[in-house]
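Have a look at upload.txt below; it lists compact mmCIF, C-alpha atoms.
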```txt
# COMPACT_ATOMS: atom_id res chain seq x y z
CA MET A 6 0.00 0.00 0.00
CA ASP A 7 1.17 3.50 -0.84
CA PRO A 8 2.25 5.15 2.48
CA ALA A 9 0.24 8.30 1.66
CA VAL A 10 -2.88 6.26 0.96
CA GLY A 11 -2.34 4.25 4.13
CA THR A 12 -2.08 7.45 6.17
CA ILE A 13 -5.21 8.97 4.62
CA VAL A 14 -7.25 5.80 5.19
CA LEU A 15 -5.91 4.39 8.45
CA VAL A 16 -5.68 7.51 10.64
CA PRO A 17 -9.40 8.40 10.33
CA LEU A 18 -10.25 4.70 10.68
CA LEU A 19 -8.28 4.49 13.94
CA ALA A 20 -10.02 7.61 15.24
CA VAL A 21 -13.34 5.80 14.78
CA VAL A 22 -12.02 2.54 16.27
CA ALA A 23 -10.64 4.42 19.29
CA SER A 24 -14.03 6.00 19.94
CA LEU A 25 -15.78 2.63 19.67
CA LEU A 26 -13.27 0.98 22.00
CA ALA A 27 -13.57 3.77 24.57
CA THR A 28 -17.37 3.44 24.51
CA ALA A 29 -17.29 -0.34 24.81
CA VAL A 30 -14.67 -0.46 27.55
CA GLY A 31 -16.37 2.47 29.30
CA ARG A 32 -19.16 0.16 30.40
CA VAL A 33 -16.60 -1.57 32.61
CA ALA A 34 -13.95 1.09 33.28
CA LYS A 35 -13.71 4.78 32.35
CA ILE A 36 -10.53 4.88 30.25
CA PRO A 37 -9.69 8.20 28.55
CA LEU A 38 -10.16 8.16 24.80
CA VAL A 39 -6.61 9.38 24.17
CA VAL A 40 -5.29 6.11 25.61
CA PHE A 41 -6.75 4.18 22.70
CA GLU A 42 -5.67 6.81 20.17
CA ILE A 43 -2.03 6.67 21.32
CA LEU A 44 -1.92 2.87 21.52
CA LEU A 45 -3.53 2.40 18.11
CA GLY A 46 -1.08 4.91 16.62
CA LEU A 47 1.81 3.01 18.18
CA LEU A 48 0.41 -0.24 16.75
CA ILE A 49 0.28 0.94 13.12
CA GLY A 50 3.44 3.05 13.34
CA PRO A 51 7.02 2.10 12.45
CA ALA A 52 7.64 0.71 15.94
CA VAL A 53 5.21 -2.24 15.52
CA LEU A 54 3.37 -2.97 12.26
CA GLY A 55 4.91 -0.24 10.13
CA TRP A 56 1.73 0.44 8.15
CA VAL A 57 1.93 4.23 8.53
CA PRO A 58 5.32 6.01 8.47
CA LYS A 59 6.15 9.40 9.89
CA SER A 60 5.44 12.09 7.32
CA ASP A 61 5.52 15.86 7.01
CA MET A 62 1.88 15.86 5.91
CA LEU A 63 0.72 14.01 9.01
CA ASP A 64 2.94 16.14 11.25
CA ALA A 65 1.39 19.31 9.82
CA VAL A 66 -2.17 18.14 10.52
CA ALA A 67 -1.11 16.86 13.97
CA ASN A 68 0.43 20.24 14.83
CA PHE A 69 -2.82 21.96 13.95
CA GLY A 70 -4.60 19.39 16.11
CA LEU A 71 -2.22 20.24 18.96
CA ALA A 72 -2.97 23.94 18.45
CA PHE A 73 -6.69 23.20 18.58
CA LEU A 74 -6.18 21.17 21.77
CA PHE A 75 -4.62 24.20 23.47
CA PHE A 76 -7.25 26.49 21.97
CA MET A 77 -10.00 24.35 23.50
CA ALA A 78 -8.19 24.40 26.85
CA GLY A 79 -8.10 28.21 26.80
CA ASN A 80 -11.68 28.38 25.53
CA GLU A 81 -13.10 26.06 28.20
CA ILE A 82 -11.47 27.66 31.24
CA ASP A 83 -13.99 29.55 33.33
CA PHE A 84 -11.69 32.07 35.00
CA ALA A 85 -14.52 33.41 37.14
CA ALA A 86 -14.98 29.93 38.64
CA ILE A 87 -11.30 29.29 39.43
CA LYS A 88 -10.26 32.77 40.58
CA GLY A 89 -9.35 33.25 44.21
CA ARG A 90 -8.24 30.28 46.28
CA PRO A 91 -8.00 27.64 43.50
CA LEU A 92 -5.96 29.83 41.14
CA LYS A 93 -3.70 31.25 43.87
CA ARG A 94 -2.88 27.81 45.24
CA ALA A 95 -2.43 26.38 41.77
CA SER A 96 0.00 29.20 40.91
CA LEU A 97 1.97 28.64 44.12
CA GLY A 98 2.10 24.92 43.37
CA TRP A 99 3.42 25.52 39.86
CA LEU A 100 6.17 27.86 41.09
CA ILE A 101 7.27 25.14 43.51
CA SER A 102 7.18 22.66 40.61
CA LEU A 103 9.32 24.96 38.44
CA VAL A 104 12.03 25.38 41.06
CA ALA A 105 12.03 21.69 41.98
CA GLY A 106 11.92 20.58 38.35
CA VAL A 107 14.84 22.72 37.21
CA VAL A 108 16.98 21.80 40.24
CA ILE A 109 16.30 18.07 39.82
CA GLY A 110 16.69 18.33 36.05
CA ILE A 111 20.14 19.92 36.41
CA LEU A 112 21.17 17.27 38.95
CA LEU A 113 20.13 14.48 36.57
CA SER A 114 21.57 16.04 33.41
CA PRO A 115 25.11 16.44 32.10
CA ASP A 116 24.74 20.21 31.80
CA ALA A 117 22.48 23.03 32.99
CA VAL A 118 20.84 23.64 29.60
CA THR A 119 19.65 20.05 29.35
CA GLY A 120 18.48 20.28 32.95
CA VAL A 121 16.29 23.30 32.13
CA PHE A 122 14.64 21.39 29.28
CA VAL A 123 13.98 18.42 31.57
CA GLY A 124 12.79 20.64 34.41
CA ILE A 125 10.27 22.58 32.32
CA ALA A 126 8.94 19.36 30.81
CA LEU A 127 8.31 17.99 34.30
CA THR A 128 6.19 21.02 35.31
CA SER A 129 3.42 20.59 32.74
CA THR A 130 -0.19 19.48 33.18
CA ALA A 131 -2.17 18.36 30.14
CA LEU A 132 -5.31 20.42 30.72
CA GLY A 133 -6.45 20.00 27.12
CA THR A 134 -6.29 16.25 27.62
CA LEU A 135 -7.99 16.34 31.02
CA MET A 136 -10.92 18.62 30.14
CA PRO A 137 -12.76 15.96 28.09
CA VAL A 138 -12.07 13.43 30.87
CA LEU A 139 -13.52 15.76 33.51
CA ARG A 140 -16.50 16.60 31.30
CA ASP A 141 -17.30 12.95 30.60
CA ALA A 142 -17.03 12.16 34.31
CA GLY A 143 -19.36 15.04 35.26
CA GLU A 144 -16.60 16.77 37.25
CA LEU A 145 -16.29 20.12 35.49
CA LYS A 146 -18.83 21.89 37.71
CA THR A 147 -17.68 20.37 41.02
CA SER A 148 -15.20 22.09 43.33
CA PHE A 149 -12.79 19.22 42.64
CA GLY A 150 -13.14 19.81 38.90
CA ARG A 151 -12.49 23.51 39.35
CA ALA A 152 -9.33 22.69 41.31
CA VAL A 153 -8.12 20.42 38.50
CA THR A 154 -8.96 23.15 35.98
CA ALA A 155 -6.99 25.75 37.96
CA VAL A 156 -3.97 23.45 38.28
CA GLY A 157 -4.20 22.54 34.60
CA ALA A 158 -4.55 26.15 33.45
CA VAL A 159 -1.41 27.17 35.32
CA GLY A 160 0.30 23.90 34.34
CA GLU A 161 -0.20 24.70 30.66
CA PHE A 162 0.26 28.46 30.64
CA GLY A 163 3.25 28.45 33.03
CA PRO A 164 5.43 26.09 30.96
CA LEU A 165 4.54 28.02 27.81
CA LEU A 166 5.88 31.19 29.45
CA ALA A 167 8.97 29.30 30.60
CA ILE A 168 9.57 27.99 27.08
CA SER A 169 9.28 31.49 25.68
CA LEU A 170 11.62 32.97 28.30
CA PHE A 171 14.30 30.30 28.62
CA LEU A 172 14.14 28.09 25.52
CA SER A 173 13.59 30.65 22.76
CA GLY A 174 17.30 31.14 22.10
CA ARG A 175 17.12 34.80 23.14
CA LYS A 176 18.67 36.44 26.15
CA PRO A 177 16.20 36.64 29.07
CA LEU A 178 15.73 40.42 28.73
CA ALA A 179 15.02 40.24 25.00
CA ALA A 180 12.74 37.23 25.51
CA SER A 181 10.87 39.10 28.25
CA LEU A 182 10.33 42.13 25.99
CA VAL A 183 9.01 39.94 23.17
CA LEU A 184 6.74 38.12 25.60
CA ILE A 185 5.45 41.44 26.97
CA ALA A 186 4.74 42.61 23.42
CA PHE A 187 2.71 39.47 22.76
CA ALA A 188 0.89 39.86 26.09
CA VAL A 189 0.00 43.47 25.25
CA ILE A 190 -1.42 42.46 21.86
CA ALA A 191 -3.36 39.54 23.33
CA GLY A 192 -4.54 41.70 26.24
CA LEU A 193 -5.82 44.37 23.87
CA ALA A 194 -7.68 41.68 21.93
CA VAL A 195 -9.28 40.38 25.15
CA TRP A 196 -10.23 43.95 26.15
CA PHE A 197 -11.79 44.61 22.76
CA ALA A 198 -13.70 41.31 22.90
CA ALA A 199 -14.98 42.09 26.42
CA ARG A 200 -16.07 45.68 25.86
CA GLY A 201 -19.35 44.68 24.21
CA GLY A 202 -21.07 46.34 21.29
CA HIS A 203 -20.52 43.44 18.90
CA GLU A 204 -24.14 43.09 17.84
CA ARG A 205 -23.31 42.93 14.15
CA PHE A 206 -20.74 40.23 14.76
CA HIS A 207 -23.18 38.15 16.82
CA GLY A 208 -25.89 38.76 14.25
CA LEU A 209 -23.65 37.39 11.51
CA VAL A 210 -22.83 34.38 13.70
CA ARG A 211 -26.54 33.72 14.22
CA ALA A 212 -27.39 34.18 10.55
CA THR A 213 -24.83 31.59 9.39
CA LEU A 214 -25.15 28.97 12.13
CA HIS A 215 -27.16 26.68 9.85
CA THR A 216 -25.74 27.68 6.47
CA SER A 217 -22.62 26.78 4.52
CA GLY A 218 -21.16 30.14 5.60
CA GLN A 219 -20.41 28.97 9.18
CA PHE A 220 -18.95 32.39 9.96
CA ALA A 221 -18.28 31.63 13.64
CA VAL A 222 -16.16 28.53 12.96
CA ARG A 223 -14.29 30.21 10.12
CA PHE A 224 -13.64 33.31 12.22
CA ILE A 225 -12.32 31.27 15.14
CA VAL A 226 -10.01 29.23 12.91
CA MET A 227 -8.72 32.56 11.54
CA VAL A 228 -8.09 33.85 15.09
CA ILE A 229 -6.19 30.67 15.97
CA ALA A 230 -4.09 30.92 12.80
CA ALA A 231 -3.43 34.64 13.38
CA LEU A 232 -2.24 34.23 16.98
CA VAL A 233 -0.26 31.07 16.21
CA GLY A 234 1.35 32.96 13.32
CA LEU A 235 2.08 35.93 15.60
CA SER A 236 3.68 33.62 18.16
CA LEU A 237 5.90 32.04 15.51
CA ALA A 238 6.80 35.43 14.02
CA LEU A 239 7.90 36.63 17.48
CA GLY A 240 9.89 33.45 18.08
CA LEU A 241 7.49 32.19 20.76
CA ASP A 242 5.98 28.73 21.01
CA MET A 243 2.89 28.42 18.80
CA LEU A 244 0.91 26.89 21.67
CA LEU A 245 1.01 30.21 23.53
CA GLY A 246 -0.89 31.80 20.64
CA ALA A 247 -3.37 28.92 20.47
CA PHE A 248 -4.08 29.15 24.20
CA ALA A 249 -4.53 32.94 24.01
CA ALA A 250 -6.89 32.50 21.04
CA GLY A 251 -9.07 30.24 23.18
CA VAL A 252 -9.34 32.86 25.93
CA ILE A 253 -10.14 35.64 23.45
CA CYS A 254 -12.83 33.65 21.64
CA ARG A 255 -14.47 32.61 24.90
CA VAL A 256 -14.74 36.25 25.96
CA LEU A 257 -16.02 37.31 22.54
CA LEU A 258 -18.69 34.62 22.33
CA SER A 259 -19.83 35.23 25.91
CA GLY A 260 -21.76 38.21 24.57
CA ALA A 261 -23.77 36.07 22.16
CA ALA A 262 -27.20 34.65 22.93
CA GLU A 263 -26.83 31.52 25.08
CA PRO A 264 -28.34 29.11 22.50
CA ASP A 265 -26.03 30.51 19.80
CA ALA A 266 -22.96 30.28 22.04
CA LYS A 267 -23.75 26.66 22.96
CA LEU A 268 -24.24 25.74 19.32
CA VAL A 269 -20.91 27.31 18.34
CA GLU A 270 -19.23 25.52 21.23
CA GLY A 271 -20.65 22.23 19.97
CA LYS A 272 -19.31 22.91 16.49
CA LEU A 273 -15.86 23.71 17.89
CA GLU A 274 -15.84 20.51 19.91
CA ALA A 275 -16.79 18.60 16.77
CA VAL A 276 -13.93 20.13 14.78
CA ALA A 277 -11.41 19.73 17.61
CA PHE A 278 -12.21 16.38 19.21
CA GLY A 279 -13.93 14.87 16.20
CA VAL A 280 -11.32 15.70 13.55
CA LEU A 281 -8.04 17.36 14.52
CA VAL A 282 -7.10 16.41 18.09
CA PRO A 283 -7.33 12.63 17.44
CA VAL A 284 -4.75 13.07 14.65
CA PHE A 285 -2.31 14.59 17.16
CA PHE A 286 -2.60 11.70 19.63
CA ILE A 287 -2.55 9.02 16.93
CA ASN A 288 0.51 10.70 15.40
CA THR A 289 2.15 10.78 18.85
CA GLY A 290 1.84 6.99 18.93
CA ILE A 291 3.04 6.66 15.33
CA GLY A 292 6.10 8.81 15.96
CA PHE A 293 7.11 7.22 19.25
CA ASP A 294 10.50 5.54 18.78
CA LEU A 295 9.86 2.39 20.80
CA ARG A 296 12.92 0.59 19.44
CA ALA A 297 15.22 3.44 20.44
CA LEU A 298 13.78 3.27 23.94
CA VAL A 299 14.05 -0.51 24.49
CA THR A 300 17.55 -0.69 22.96
CA ASP A 301 18.94 2.18 25.06
CA PRO A 302 19.43 1.01 28.67
CA HIS A 303 19.98 4.58 29.88
CA ALA A 304 16.74 5.83 28.31
CA LEU A 305 14.89 2.78 29.56
CA LEU A 306 16.10 3.52 33.09
CA LEU A 307 15.13 7.18 32.82
CA LEU A 308 11.53 6.46 31.80
CA PRO A 309 10.26 5.21 35.20
CA ILE A 310 12.40 7.83 36.94
CA PHE A 311 10.74 10.61 34.93
CA LEU A 312 7.30 9.12 35.60
CA VAL A 313 7.92 9.17 39.36
CA LEU A 314 9.40 12.67 39.14
CA MET A 315 6.24 13.89 37.40
CA LEU A 316 4.29 12.80 40.47
CA ILE A 317 6.78 14.40 42.86
CA VAL A 318 7.65 17.57 40.95
CA ARG A 319 4.22 18.35 39.49
CA GLY A 320 1.68 16.16 41.25
CA LEU A 321 2.41 16.90 44.89
CA PRO A 322 2.59 20.72 44.50
CA GLY A 323 -0.56 20.56 42.39
CA SER A 324 -2.43 18.96 45.28
CA LEU A 325 -2.09 22.25 47.20
CA ALA A 326 -5.11 23.45 45.22
CA ALA A 327 -7.37 20.74 46.65
CA PRO A 328 -10.67 22.19 47.98
CA GLY A 329 -11.03 22.51 51.73
CA GLY A 330 -12.33 19.33 53.31
CA SER A 331 -10.95 17.09 50.57
CA THR A 332 -10.43 13.47 51.50
CA PHE A 333 -7.11 11.69 51.08
CA ALA A 334 -8.54 9.99 48.00
CA ASP A 335 -9.45 13.39 46.52
CA ARG A 336 -5.98 14.80 47.15
CA SER A 337 -4.40 11.69 45.65
CA ALA A 338 -6.66 12.01 42.61
CA LEU A 339 -5.68 15.68 42.20
CA THR A 340 -2.01 14.70 42.47
CA LEU A 341 -2.45 12.23 39.63
CA PHE A 342 -4.41 14.63 37.45
CA SER A 343 -1.80 17.35 38.06
CA ALA A 344 1.02 15.00 37.00
CA THR A 345 -0.68 14.05 33.72
CA GLY A 346 1.36 15.65 30.97
CA LEU A 347 2.13 14.97 27.32
CA PRO A 348 1.52 17.79 24.78
CA ILE A 349 3.99 20.28 26.32
CA ILE A 350 6.49 17.48 26.92
CA VAL A 351 6.34 16.74 23.19
CA ALA A 352 6.83 20.45 22.40
CA VAL A 353 9.75 20.89 24.84
CA THR A 354 11.58 17.75 23.72
CA ASN A 355 11.14 18.65 20.04
CA ILE A 356 12.79 22.03 20.69
CA GLY A 357 15.58 20.43 22.72
CA VAL A 358 16.40 17.76 20.12
CA ALA A 359 16.21 20.26 17.23
CA GLU A 360 18.68 22.59 18.97
CA GLY A 361 20.99 19.75 19.98
CA ASP A 362 20.56 20.43 23.70
CA LEU A 363 18.64 17.24 24.46
CA LYS A 364 19.73 13.73 23.52
CA THR A 365 17.23 11.63 21.58
CA GLY A 366 17.22 8.94 24.27
CA THR A 367 16.39 11.43 27.02
CA ALA A 368 13.68 13.01 24.88
CA THR A 369 12.17 9.59 24.12
CA ALA A 370 12.17 8.71 27.83
CA LEU A 371 10.41 11.99 28.67
CA VAL A 372 7.77 11.50 25.98
CA GLY A 373 7.37 7.87 27.06
CA ALA A 374 6.79 8.97 30.66
CA GLY A 375 4.26 11.53 29.41
CA MET A 376 2.46 8.85 27.43
CA LEU A 377 2.35 6.55 30.46
CA SER A 378 0.99 9.40 32.59
CA VAL A 379 -1.84 9.94 30.10
CA LEU A 380 -2.46 6.19 29.91
CA ALA A 381 -2.55 5.53 33.65
CA PHE A 382 -2.95 8.59 35.87
CA PRO A 383 -6.46 9.75 34.83
CA ILE A 384 -7.84 6.20 35.16
CA ILE A 385 -6.46 5.82 38.68
CA ALA A 386 -7.57 9.35 39.59
CA LEU A 387 -11.17 8.70 38.52
CA THR A 388 -11.17 5.45 40.49
CA LEU A 389 -10.00 7.30 43.59
CA ARG A 390 -12.71 9.93 43.12
CA LYS A 391 -15.34 7.21 43.25
CA ARG A 392 -13.97 6.16 46.63
CA SER A 393 -14.55 9.61 48.06
CA SER A 394 -16.79 9.54 51.13
CA ASP A 395 -19.45 11.55 49.33
CA GLY A 396 -19.22 9.68 46.03
CA GLY A 397 -17.25 12.48 44.39
CA LEU A 398 -19.84 15.23 44.91
CA ARG A 399 -18.89 18.56 46.47
CA PRO A 400 -20.81 21.67 47.51
CA PRO A 401 -20.42 24.56 45.04
CA ASP A 402 -18.46 26.72 47.48
CA PRO A 403 -15.26 24.93 48.59
CA ASP A 404 -14.69 27.44 51.37
CA ARG A 405 -17.90 26.30 53.10
CA ILE A 406 -16.99 22.63 53.21
CA PRO A 407 -16.36 21.39 56.76
CA ILE A 408 -13.08 19.69 57.38
CA VAL A 409 -13.45 15.91 57.21
CA GLY A 410 -11.92 13.72 59.84
```
Could you rewrite the structure in this file as structure tokens?
Amino acid sequence: MDPAVGTIVLVPLLAVVASLLATAVGRVAKIPLVVFEILLGLLIGPAVLGWVPKSDMLDAVANFGLAFLFFMAGNEIDFAAIKGRPLKRASLGWLISLVAGVVIGILLSPDAVTGVFVGIALTSTALGTLMPVLRDAGELKTSFGRAVTAVGAVGEFGPLLAISLFLSGRKPLAASLVLIAFAVIAGLAVWFAARGGHERFHGLVRATLHTSGQFAVRFIVMVIAALVGLSLALGLDMLLGAFAAGVICRVLLSGAAEPDAKLVEGKLEAVAFGVLVPVFFINTGIGFDLRALVTDPHALLLLPIFLVLMLIVRGLPGSLAAPGGSTFADRSALTLFSATGLPIIVAVTNIGVAEGDLKTGTATALVGAGMLSVLAFPIIALTLRKRSSDGGLRPPDPDRIPIVG
């Protein structure tokens, strides 16, 4: 079979198979959909069956899927719900993670530059991956879900800032100025979106919701492309632009009529999780160099070490954001959710390998640990939530929860 034909046929087929498997297995155990997407990608990739090779075409679509994953994370964050205690504690936890990650990374690495790459990779939380898991489990509106959202928001935005400041190849002062310039532009866009008076815009959205025009979807894709392009032009990571685009579009659409906003949200979820995001996770499995991992004793040793470090460096500080009165099971679940990371690990390791600052074996071990965290941590976390003394339910105001035990 022609490799291009195999890619075009098999990747969409695996996206369907993954959804069917997740639904079937979900009757017994709630396993995140991305688990099946990664494993199926690994199965058909060069590491196992070799049916679909790595290709620039697939990488391009996967990168856009990754951008959409971060866009959806920014778009789904309800900042009003996580402000205050959850966001403050999540921010404190991430700062602890950053310091611990860089120190441990430097101690484990042959030089400080490699240590910074490893340290930043260890501080990430895959909010874009966790949001569908929380939604499917009915956790988004609980105080526990808001804590996970706060930890994930900081765990995605924080590493993106760190990448831009320390891994952009610029001196810290120059990188800071570029980052400030991007923040000013994005902030002005958020201000403009929030100031109201967009009746014509919302009217055009409403008029094309059920036509081939689909103005809202086309406009949002344009915003994502514009901010991703701006990020790349400024030498920043593209995911920073995608995340900012999600925040801007959420603010802009908040002024629309509720039925219209919900319909647009459904269309975005269909484009993201129905088309583009599965390609990213399947491609992650396809591109994973399993042979390089199993034939390199050093990399094979690093993989479980990195997995444990993700729990220590990111998971434990993340648990500081647990709502008041949380049980031990809840805190353990939050630790596991906080330590779930893959997309930013892929981004950081790609930069490190491309610049020659990170060995391929180390990068493979980091990505492998990220894959294992996505495969295992959310499943265990959801199981622990079910063991909570109240069945996983929490009052809406975490500050009013009495201390248990």
* Compile the contact shell of region 220-233 of chain A as a list in words: residues with an atom at most 7 Å away, counting all atoms listed in the file, same-chain residues fewer than 4 positions apart removed. => Val210, Thr213, Leu237, Met243, Leu244, Gly246, Ala247, Ala250, Cys254, Val269 and Leu273 of chain A
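Each of A:Trp99, A:Phe333, A:Phe171, A:Phe73 was compared to Val121 (chain A) using all atoms listed in the file, and A:Phe171 turns out to be the nearest.
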* Counting all atoms listed in the file, the residue of A:Asp294, A:Glu161, A:Asp64, A:Glu42 that sits nearest Ser96 (chain A) -> A:Glu161
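Minimum distance to Ala381 (chain A) across A:Gly70, A:Pro8, A:Gly133, A:Pro37 (counting all atoms listed in the file) occurs at A:Pro37.
In terms of minimum interatomic distance to Ala34 (chain A), A:Ala142 ranks closest within A:Ala142, A:Arg336, A:Ala52, A:Ser102, counting all atoms listed in the file.
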* Take CA of Val156 (chain A) and CA of Phe76 (chain A) and report the distance between them in Å, one decimal. => 16.9 Å
* 7 Å contact set for Phe285 (chain A), only C-alpha atoms, chain neighbours under 2 positions out, as a list in words -> Ala67, Asn68, Gly70, Leu71, Leu281, Val282, Pro283, Ile287, Asn288 and Thr289 of chain A
Residues of the last selection are to be written out with C-alpha atoms, as a PDB file, keeping the file's coordinate frame.
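Listed below is the output, selection-v2.pdb:
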```pdb
ATOM      1  CA  ALA A  67      -1.110  16.860  13.970  1.00  0.00           C
ATOM      2  CA  ASN A  68       0.430  20.240  14.830  1.00  0.00           C
ATOM      3  CA  GLY A  70      -4.600  19.390  16.110  1.00  0.00           C
ATOM      4  CA  LEU A  71      -2.220  20.240  18.960  1.00  0.00           C
ATOM      5  CA  LEU A 281      -8.040  17.360  14.520  1.00  0.00           C
ATOM      6  CA  VAL A 282      -7.100  16.410  18.090  1.00  0.00           C
ATOM      7  CA  PRO A 283      -7.330  12.630  17.440  1.00  0.00           C
ATOM      8  CA  ILE A 287      -2.550   9.020  16.930  1.00  0.00           C
ATOM      9  CA  ASN A 288       0.510  10.700  15.400  1.00  0.00           C
ATOM     10  CA  THR A 289       2.150  10.780  18.850  1.00  0.00           C
TER      11      THR A 289
END
```
* Asked: Using only C-alpha atoms, which residue out of A:Leu19, A:Ala117, A:Met315, A:Ala338 lies closest to Thr130 (chain A)?
  -> A:Met315
* Asked: Quick one: residues within 12 Å of Leu245 (chain A), all atoms listed in the file counted, chain neighbours fewer than 4 positions away excluded, as a PyMOL selection string?
  -> chain A and resi 71-76+78-79+161-170+184+187-188+191+229-237+239-241+249-252+349+352
* **Exercise: Ala95 (chain A) partners within 12 Å, only C-alpha atoms, chain neighbours under 5 positions left out, as a VMD selection string** => chain A and resid 87 to 90 100 to 102 130 151 to 163 319 to 328 339 to 340 343
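CA of Asp265 (chain A) sits 10.0 Å away from CA of Ala212 (chain A).
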* To do: One decimal, Å: what's the distance from CA of Pro309 (chain A) over to CA of Gly292 (chain A), could you say?
  => 20.0 Å
* Which one of A:Ala261, A:Met376, A:Val138, A:Leu25 sits closest to Pro348 (chain A) if you count all atoms listed in the file? -> A:Met376
* To do: For Val353 (chain A), list every protein, DNA or RNA residue within 12 Å, evaluated using all atoms listed in the file, and leave out those in the same chain fewer than 6 positions away; present the list as a PyMOL selection string.
  => chain A and resi 119-129+164-169+171-173+242-244+346-347+359-360+362-363+367-369+371-372+375
Export: region 33-44 of chain A, N, CA, C and O atoms, as a short mmCIF file (atom, residue, chain, number, x, y, z; two decimals), in the first residue's frame:
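File written: part_12.cif
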```cif
data_model
loop_
_atom_site.label_atom_id
_atom_site.label_comp_id
_atom_site.auth_asym_id
_atom_site.auth_seq_id
_atom_site.Cartn_x
_atom_site.Cartn_y
_atom_site.Cartn_z
N VAL A 33 -17.28 -0.86 31.52
CA VAL A 33 -16.60 -1.57 32.61
C VAL A 33 -15.69 -0.63 33.39
O VAL A 33 -15.67 -0.62 34.62
N ALA A 34 -14.90 0.17 32.65
CA ALA A 34 -13.95 1.09 33.28
C ALA A 34 -13.84 2.34 32.42
O ALA A 34 -13.77 2.24 31.19
N LYS A 35 -13.82 3.52 33.06
CA LYS A 35 -13.71 4.78 32.35
C LYS A 35 -12.25 5.03 31.98
O LYS A 35 -11.45 5.52 32.78
N ILE A 36 -11.88 4.67 30.74
CA ILE A 36 -10.53 4.88 30.25
C ILE A 36 -10.55 6.04 29.27
O ILE A 36 -11.35 6.04 28.33
N PRO A 37 -9.69 7.05 29.46
CA PRO A 37 -9.69 8.20 28.55
C PRO A 37 -9.50 7.79 27.10
O PRO A 37 -8.72 6.88 26.79
N LEU A 38 -10.20 8.47 26.22
CA LEU A 38 -10.16 8.16 24.80
C LEU A 38 -8.75 8.24 24.24
O LEU A 38 -8.36 7.45 23.37
N VAL A 39 -7.96 9.20 24.73
CA VAL A 39 -6.61 9.38 24.17
C VAL A 39 -5.74 8.16 24.38
O VAL A 39 -4.78 7.94 23.63
N VAL A 40 -6.04 7.34 25.38
CA VAL A 40 -5.29 6.11 25.61
C VAL A 40 -5.36 5.22 24.38
O VAL A 40 -4.35 4.71 23.89
N PHE A 41 -6.56 5.03 23.87
CA PHE A 41 -6.75 4.18 22.70
C PHE A 41 -6.14 4.81 21.46
O PHE A 41 -5.58 4.10 20.60
N GLU A 42 -6.23 6.14 21.34
CA GLU A 42 -5.67 6.81 20.17
C GLU A 42 -4.15 6.64 20.13
O GLU A 42 -3.57 6.34 19.07
N ILE A 43 -3.48 6.81 21.27
CA ILE A 43 -2.03 6.67 21.32
C ILE A 43 -1.61 5.22 21.04
O ILE A 43 -0.69 4.95 20.25
N LEU A 44 -2.28 4.28 21.69
CA LEU A 44 -1.92 2.87 21.52
C LEU A 44 -2.15 2.39 20.09
O LEU A 44 -1.33 1.64 19.54
#
```
